[in-house]
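Novice: Structure file coords.csv, CSV, C-alpha atoms, is pasted below:
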chain,number,residue,atom,x,y,z
A,15,MET,CA,53.5,6.7,-12.7
A,16,SER,CA,52.0,3.2,-12.3
A,17,GLN,CA,52.8,-0.4,-11.6
A,18,PRO,CA,53.1,-2.6,-14.6
A,19,PRO,CA,50.5,-5.3,-15.0
A,20,ALA,CA,51.5,-9.0,-15.0
A,21,GLY,CA,53.3,-10.0,-18.1
A,22,ALA,CA,53.9,-6.4,-19.3
A,23,GLN,CA,57.0,-5.7,-21.3
A,24,ILE,CA,59.6,-3.8,-19.3
A,25,SER,CA,62.1,-1.4,-20.8
A,26,GLU,CA,65.8,-2.4,-20.7
A,27,ASP,CA,66.5,0.3,-18.0
A,28,GLY,CA,63.6,-1.0,-15.9
A,29,ASN,CA,62.0,2.4,-15.7
A,30,TYR,CA,59.0,1.9,-18.1
A,31,TRP,CA,56.5,-0.7,-19.0
A,32,TRP,CA,54.7,-1.0,-22.4
A,33,ASP,CA,51.0,0.0,-22.2
A,34,ALA,CA,49.5,-1.7,-25.3
A,35,ASN,CA,46.1,0.0,-24.8
A,36,ALA,CA,47.6,3.4,-24.8
A,37,ASN,CA,50.3,2.3,-27.2
A,38,ALA,CA,52.9,4.1,-25.1
A,39,TRP,CA,55.6,3.5,-22.5
A,40,GLN,CA,54.4,4.2,-18.9
A,41,LEU,CA,56.7,5.3,-16.2
A,42,ILE,CA,57.0,2.6,-13.4
A,43,GLN,CA,56.4,3.8,-9.9
A,44,HIS,CA,59.7,3.8,-8.2
A,45,ASP,CA,58.9,3.5,-4.6
A,46,ALA,CA,59.3,-0.2,-4.4
A,47,GLY,CA,62.2,-0.2,-6.8
A,48,GLY,CA,63.8,2.7,-4.9
A,49,ALA,CA,63.6,0.8,-1.7
A,50,ALA,CA,65.2,-2.2,-3.4
A,51,ASP,CA,67.9,0.0,-4.7
A,52,ALA,CA,68.5,1.5,-1.3
A,53,SER,CA,68.7,-2.0,0.2
A,54,GLN,CA,71.2,-3.1,-2.4
A,55,ALA,CA,73.2,0.0,-1.8
A,56,ALA,CA,73.2,-0.7,1.9
A,57,THR,CA,74.3,-4.2,1.3
A,58,GLY,CA,77.1,-3.0,-0.9
A,59,ALA,CA,78.1,-0.5,1.7
A,60,GLN,CA,78.1,-3.1,4.4
A,61,ALA,CA,80.3,-5.4,2.3
A,62,SER,CA,82.7,-2.7,1.6
A,63,ASN,CA,82.7,-1.6,5.2
A,64,ALA,CA,83.1,-5.1,6.6
A,65,PRO,CA,85.2,-4.8,9.8
A,66,HIS,CA,88.8,-5.6,9.4
A,67,VAL,CA,89.4,-8.3,12.0
A,68,THR,CA,92.8,-8.6,13.4
A,69,ALA,CA,94.5,-11.4,15.2
A,70,ASP,CA,94.5,-9.3,18.3
A,71,HIS,CA,90.7,-8.7,18.0
A,72,VAL,CA,90.1,-12.5,17.7
A,73,ALA,CA,92.4,-13.2,20.7
A,74,ASP,CA,90.5,-10.6,22.8
A,75,MET,CA,87.2,-12.1,21.7
A,76,MET,CA,88.2,-15.6,22.6
A,77,ALA,CA,89.7,-14.5,25.9
A,78,SER,CA,86.4,-12.9,26.7
A,79,ALA,CA,84.5,-16.1,25.9
A,80,GLU,CA,86.8,-18.4,27.8
A,81,GLN,CA,85.7,-19.6,31.2
A,82,ASP,CA,87.7,-21.2,33.9
A,83,ALA,CA,87.9,-25.0,33.9
A,84,ALA,CA,85.5,-26.6,36.4
A,85,GLU,CA,84.4,-30.0,37.5
A,86,ILE,CA,81.2,-31.2,35.9
A,87,ALA,CA,78.8,-32.8,38.3
B,22,MET,CA,101.8,-54.7,44.1
B,23,GLY,CA,105.4,-54.7,45.2
B,24,GLU,CA,107.9,-52.4,43.6
B,25,VAL,CA,106.2,-50.0,41.3
B,26,ALA,CA,107.8,-49.2,38.0
B,27,ASP,CA,107.1,-46.1,35.8
B,28,ILE,CA,103.6,-45.0,35.0
B,29,VAL,CA,103.1,-45.5,31.3
B,30,ASN,CA,100.4,-44.9,28.7
B,31,SER,CA,99.7,-48.0,26.7
B,32,GLY,CA,96.4,-46.5,25.3
B,33,VAL,CA,95.9,-43.9,22.6
B,34,ALA,CA,98.4,-41.2,21.9
B,35,VAL,CA,96.1,-38.8,20.1
B,36,ILE,CA,92.4,-37.8,20.3
B,37,HIS,CA,91.2,-35.6,17.4
B,38,LEU,CA,87.8,-34.0,17.4
B,39,VAL,CA,86.3,-31.6,14.8
B,40,ALA,CA,83.1,-29.6,15.2
B,41,ASN,CA,81.1,-27.3,13.0
B,42,HIS,CA,77.6,-25.8,13.1
B,43,ALA,CA,76.0,-29.2,12.3
B,44,SER,CA,77.9,-31.8,14.2
B,45,VAL,CA,81.0,-33.1,16.1
B,46,THR,CA,83.1,-35.6,14.3
B,47,THR,CA,85.6,-37.9,16.1
B,48,VAL,CA,88.5,-38.1,13.7
B,49,GLN,CA,90.5,-40.2,16.2
B,50,GLY,CA,89.2,-41.3,19.6
B,51,GLY,CA,89.8,-43.8,22.4
B,52,TYR,CA,91.3,-43.8,25.8
B,53,ALA,CA,94.7,-43.2,27.3
B,54,ASN,CA,95.7,-44.8,30.6
B,55,GLY,CA,98.2,-44.5,33.3
B,56,PHE,CA,99.2,-47.9,34.4
B,57,PRO,CA,102.5,-49.0,36.0
B,58,SER,CA,105.0,-50.3,33.5
B,59,GLY,CA,104.3,-53.9,32.6
B,60,PHE,CA,100.7,-53.8,34.0
B,61,ASP,CA,97.9,-54.6,31.5
B,62,GLY,CA,95.0,-53.3,33.7
B,63,GLN,CA,93.9,-56.7,35.0
B,64,GLY,CA,93.3,-56.5,38.7
B,65,LEU,CA,92.5,-52.9,38.7
B,66,THR,CA,89.7,-52.3,41.1
B,67,GLY,CA,87.6,-49.5,42.4
B,68,GLY,CA,87.8,-46.0,41.1
B,69,GLN,CA,85.3,-43.4,40.0
B,70,PHE,CA,84.9,-41.1,37.1
B,71,LYS,CA,85.4,-37.4,37.0
B,72,ALA,CA,84.9,-34.8,34.3
B,73,VAL,CA,86.4,-31.4,34.1
B,74,GLY,CA,85.3,-29.0,31.4
B,75,LYS,CA,86.4,-25.7,29.9
B,76,ARG,CA,83.8,-23.6,28.1
B,77,TRP,CA,84.0,-20.9,25.6
B,78,LYS,CA,80.7,-19.0,25.5
B,79,GLN,CA,80.1,-15.7,23.7
B,80,ASP,CA,76.8,-13.8,23.3
B,81,SER,CA,77.2,-10.6,21.3
B,82,ALA,CA,74.9,-7.7,20.8
B,83,TRP,CA,73.0,-7.8,17.5
B,84,TYR,CA,74.7,-4.7,16.3
B,85,ASP,CA,78.2,-6.0,17.0
B,86,PHE,CA,79.4,-7.4,13.7
B,87,THR,CA,82.9,-8.0,15.0
B,88,THR,CA,82.0,-10.6,17.6
B,89,VAL,CA,80.9,-14.1,16.9
B,90,ASP,CA,78.5,-16.0,19.1
B,91,MET,CA,79.7,-19.4,20.1
B,92,ASP,CA,79.2,-21.9,22.9
B,93,PHE,CA,81.4,-25.0,23.1
B,94,THR,CA,83.0,-27.0,25.9
B,95,ILE,CA,86.1,-29.2,25.9
B,96,THR,CA,86.0,-31.8,28.7
B,97,MET,CA,88.6,-34.2,30.0
B,98,HIS,CA,87.3,-37.4,31.6
B,99,TRP,CA,89.2,-40.0,33.6
B,100,MET,CA,88.8,-42.7,36.2
B,101,TRP,CA,90.7,-42.0,39.4
B,102,GLY,CA,91.2,-43.7,42.7
B,103,ALA,CA,91.6,-47.2,41.2
B,104,SER,CA,93.9,-49.6,43.1
B,105,ILE,CA,95.9,-52.7,42.3
B,106,HIS,CA,95.6,-55.3,44.9
B,107,GLY,CA,94.4,-52.7,47.3
B,108,ASP,CA,97.4,-50.4,46.8
B,109,GLY,CA,97.9,-47.1,45.1
B,110,HIS,CA,95.7,-44.5,43.3
B,111,TYR,CA,95.8,-45.3,39.7
B,112,ILE,CA,94.0,-43.8,36.6
B,113,ASP,CA,92.4,-45.2,33.5
B,114,HIS,CA,90.0,-44.3,30.7
B,115,ILE,CA,91.4,-40.9,30.1
B,116,THR,CA,89.7,-39.2,27.2
B,117,VAL,CA,88.6,-35.8,25.9
B,118,THR,CA,85.3,-34.8,24.5
B,119,LEU,CA,84.0,-31.8,22.6
B,120,ASP,CA,80.4,-30.6,23.1
B,121,VAL,CA,78.9,-27.8,21.0
B,122,ASP,CA,75.8,-25.9,21.9
B,123,TYR,CA,76.2,-23.4,19.2
B,124,LEU,CA,78.7,-22.5,16.4
B,125,PRO,CA,78.0,-20.1,13.5
B,126,LEU,CA,77.7,-21.6,10.1
B,127,ASP,CA,81.2,-20.6,9.0
B,128,GLN,CA,83.0,-21.6,12.2
B,129,THR,CA,84.9,-24.8,12.9
B,130,VAL,CA,86.6,-26.0,16.1
B,131,ASP,CA,89.5,-28.5,15.9
B,132,VAL,CA,90.6,-30.2,19.1
B,133,VAL,CA,93.7,-32.4,19.3
B,134,ALA,CA,94.8,-34.0,22.6
B,135,ASN,CA,98.3,-35.5,22.7
B,136,PHE,CA,99.1,-38.0,25.4
B,137,PRO,CA,102.7,-38.9,26.2
B,138,THR,CA,103.9,-42.5,26.4
B,139,HIS,CA,104.8,-42.0,30.1
B,140,GLY,CA,103.0,-40.4,33.0
B,141,SER,CA,104.2,-39.4,36.4
B,142,ARG,CA,104.4,-41.3,39.6
B,143,LEU,CA,103.5,-39.2,42.6
B,144,GLY,CA,103.0,-40.1,46.2
B,145,THR,CA,105.2,-42.6,47.9
B,146,GLU,CA,106.6,-46.0,47.1
B,147,ASP,CA,103.9,-47.5,49.3
B,148,ASN,CA,101.1,-45.3,48.2
B,149,VAL,CA,101.6,-44.5,44.5
B,150,ILE,CA,99.5,-41.7,42.9
B,151,ALA,CA,99.6,-42.1,39.1
B,152,ALA,CA,99.4,-38.9,37.0
B,153,MET,CA,99.1,-38.3,33.3
B,154,PRO,CA,100.1,-34.9,31.8
B,155,PHE,CA,98.9,-34.1,28.3
B,156,THR,CA,98.2,-31.2,26.1
B,157,ILE,CA,95.0,-30.1,24.3
B,158,ALA,CA,95.4,-27.9,21.2
B,159,VAL,CA,92.3,-25.9,20.3
B,160,GLN,CA,92.2,-24.4,16.8
B,161,MET,CA,89.2,-22.3,15.7
B,162,ASN,CA,88.7,-21.0,12.2
B,163,TYR,CA,85.8,-18.8,11.0
B,164,PHE,CA,84.9,-16.4,8.3
B,165,LEU,CA,84.2,-12.9,9.4
B,166,GLY,CA,84.5,-10.8,6.3
B,167,GLN,CA,87.8,-12.6,6.0
B,168,LEU,CA,89.1,-16.0,7.2
B,169,VAL,CA,90.6,-15.7,10.7
B,170,GLY,CA,91.9,-18.2,13.1
B,171,TRP,CA,92.7,-18.6,16.7
B,172,ARG,CA,94.7,-21.2,18.6
B,173,ARG,CA,95.0,-22.1,22.3
B,174,SER,CA,97.1,-24.8,24.0
B,175,LEU,CA,95.9,-26.2,27.3
B,176,ASP,CA,98.3,-27.9,29.7
B,177,CYS,CA,96.3,-30.7,31.4
B,178,LEU,CA,97.0,-33.1,34.2
B,179,VAL,CA,94.9,-35.8,35.7
B,180,GLN,CA,95.8,-37.7,38.8
B,181,GLY,CA,94.9,-40.8,40.7
B,182,ASP,CA,93.9,-38.8,43.7
B,183,GLY,CA,91.3,-36.9,41.7
B,184,GLN,CA,93.4,-33.7,41.5
B,185,TRP,CA,93.6,-32.0,38.1
B,186,GLN,CA,94.9,-29.1,36.0
B,187,MET,CA,93.4,-27.7,32.8
B,188,GLY,CA,94.6,-24.4,31.5
Translate this file's structure into structure tokens.
Specialist:
Amino acid sequence: MSQPPAGAQISEDGNYWWDANANAWQLIQHDAGGAADASQAATGAQASNAPHVTADHVADMMASAEQDAAEIA
Amino acid sequence: MGEVADIVNSGVAVIHLVANHASVTTVQGGYANGFPSGFDGQGLTGGQFKAVGKRWKQDSAWYDFTTVDMDFTITMHWMWGASIHGDGHYIDHITVTLDVDYLPLDQTVDVVANFPTHGSRLGTEDNVIAAMPFTIAVQMNYFLGQLVGWRRSLDCLVQGDGQWQMG
């Protein structure tokens, strides 16, 4: 496995780059790509698991944030 | 000033303020007042300003995705203790402001103060205390995975003797 040099042709599936010297497709090292895939997966999971916010939840949050009225010096 | 008629508001009826992450916009501003009926404000002397604020401040833990950080204050201002020819405790320059220390990008706060055409006359015939009740409606909208809203109505009262109510 190796990293493709700048300007190298990448296969459509993104797993190989064309090595003109060897006249062969080389497998791309997947560590970085794997991390990116994992990040994308996490982002997708976060979006799909976004909390369902109810009106009661918002009311509780605002009640928690609300302070008593007070004179301002 | 002799016989005191009703306390009226010949100033603004509505103050409308809108805030987001970047700024506070005055959609409609100005001052309400609480003069006796038929009085245009000339001869009003003395008085001092007072401000009373109500704050919403939320600091959430970084891992709490269901709570939104915010920090804004709605303040009512008025002049109290003014007299007419040495008599009474009148009010003037009643207004509402919105100050924002922090709002998230997708959050807006909408504040509308509604003032009545008539106030209240407290105290005695010889020592009138003017009072002006009004309401402040606070509407907040933000996007937290979905668009959600919250609304709160504040019953407010400012008086010529410096007393107040906001809640």
Novice: For the interface of chain A with chain B (cut-off 7 Å, counting only C-alpha atoms), please tabulate each contacting residue of chain A alongside its nearest pair of atoms and their separation in Å to one decimal, rows sorted by chain and increasing number, as a Markdown table.
Specialist:
| residue | atom | partner | partner_atom | distance |
| --- | --- | --- | --- | --- |
| A:Ala64 | CA | B:Gly166 | CA | 5.9 |
| A:Pro65 | CA | B:Thr87 | CA | 6.5 |
| A:Val72 | CA | B:Trp171 | CA | 6.7 |
| A:Ala73 | CA | B:Trp171 | CA | 6.7 |
| A:Met75 | CA | B:Thr88 | CA | 6.8 |
| A:Ala79 | CA | B:Lys78 | CA | 4.8 |
| A:Glu80 | CA | B:Trp77 | CA | 4.4 |
| A:Gln81 | CA | B:Arg76 | CA | 5.4 |
| A:Asp82 | CA | B:Lys75 | CA | 6.2 |
| A:Ala83 | CA | B:Lys75 | CA | 4.3 |
| A:Ala84 | CA | B:Val73 | CA | 5.4 |
| A:Glu85 | CA | B:Val73 | CA | 4.2 |
| A:Ile86 | CA | B:Ala72 | CA | 5.4 |
Novice: Take the point (50.9, -2.9, -22.5) in the file's coordinates, draw a sphere of radius 9 Å around it, and report as an NGL selection string every protein, DNA or RNA residue with an atom inside or on it, counting all atoms listed in the file.
Specialist: :A and (18-19 or 21-23 or 31-40)
Novice: Go ahead and dump the residues you just picked, C-alpha atoms, as a CSV table (one decimal), in the coordinates of the input.
Specialist:
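Below is the file result39.csv, written as the result:
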chain,number,residue,atom,x,y,z
A,18,PRO,CA,53.1,-2.6,-14.6
A,19,PRO,CA,50.5,-5.3,-15.0
A,21,GLY,CA,53.3,-10.0,-18.1
A,22,ALA,CA,53.9,-6.4,-19.3
A,23,GLN,CA,57.0,-5.7,-21.3
A,31,TRP,CA,56.5,-0.7,-19.0
A,32,TRP,CA,54.7,-1.0,-22.4
A,33,ASP,CA,51.0,0.0,-22.2
A,34,ALA,CA,49.5,-1.7,-25.3
A,35,ASN,CA,46.1,0.0,-24.8
A,36,ALA,CA,47.6,3.4,-24.8
A,37,ASN,CA,50.3,2.3,-27.2
A,38,ALA,CA,52.9,4.1,-25.1
A,39,TRP,CA,55.6,3.5,-22.5
A,40,GLN,CA,54.4,4.2,-18.9
Novice: Point out the residue among B:Phe136, B:Tyr111, B:Tyr123, B:Phe60 with the least atom-to-atom distance to His37 (chain B), counting all atoms listed in the file.
Specialist: B:Phe136
Novice: Nearest residue to Ile105 (chain B) out of B:Gly67, B:Gly144, B:Gly59, B:Gly32, using all atoms listed in the file?
Specialist: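 Distance minimum relative to Ile105 (chain B) lands on B:Gly67.
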Novice: Would you list the residues near (100.7, -52.6, 36.9), meaning any protein, DNA or RNA residue with an atom at most 8 Å from that point in file coordinates, counting all atoms listed in the file, as a PDB file with C-alpha atoms, keeping the file's coordinate frame?
Specialist:
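Output saved as selection31.pdb:
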ATOM      1  CA  MET B  22     101.800 -54.700  44.100  1.00  0.00           C
ATOM      2  CA  VAL B  25     106.200 -50.000  41.300  1.00  0.00           C
ATOM      3  CA  ALA B  26     107.800 -49.200  38.000  1.00  0.00           C
ATOM      4  CA  PHE B  56      99.200 -47.900  34.400  1.00  0.00           C
ATOM      5  CA  PRO B  57     102.500 -49.000  36.000  1.00  0.00           C
ATOM      6  CA  SER B  58     105.000 -50.300  33.500  1.00  0.00           C
ATOM      7  CA  GLY B  59     104.300 -53.900  32.600  1.00  0.00           C
ATOM      8  CA  PHE B  60     100.700 -53.800  34.000  1.00  0.00           C
ATOM      9  CA  ASP B  61      97.900 -54.600  31.500  1.00  0.00           C
ATOM     10  CA  GLY B  62      95.000 -53.300  33.700  1.00  0.00           C
ATOM     11  CA  ILE B 105      95.900 -52.700  42.300  1.00  0.00           C
TER      12      ILE B 105
END
Novice: Leaving out Leu41 (chain A) and any residue of its chain fewer than 3 positions from it, which residues lie within 8 Å of it when counting only C-alpha atoms, given as a ChimeraX atom specification?
Specialist: /A:15-16,29-31
Novice: How many Å lie between CA of Ala103 (chain B) and CA of Thr66 (chain B), rounded to one decimal?
Specialist: 5.4 Å
Novice: What is the CA of Thr138 (chain B)-CA of Leu175 (chain B) distance in Å, reported with one decimal?
Specialist: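 These atoms are spaced 18.2 Å apart.
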Novice: Point out the residue among B:Asn54, B:Gln180, B:Thr118, B:Gln128 with the least atom-to-atom distance to Ala34 (chain B), counting only C-alpha atoms.
Specialist: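 With only C-alpha atoms as the atom set, the closest residue is B:Asn54.
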Novice: Which residue out of B:Met100, B:Ala40, B:Leu143, B:Leu126 has the minimum interatomic distance to Gly183 (chain B) when only C-alpha atoms are used?
Specialist: B:Met100
Novice: Show which residues sit within 8 Å of Pro154 (chain B), as an MDAnalysis selection string. Count all atoms listed in the file, and ignore same-chain residues fewer than 4 positions away.
Specialist: chainID B and resid 136:137 140:141 176:179
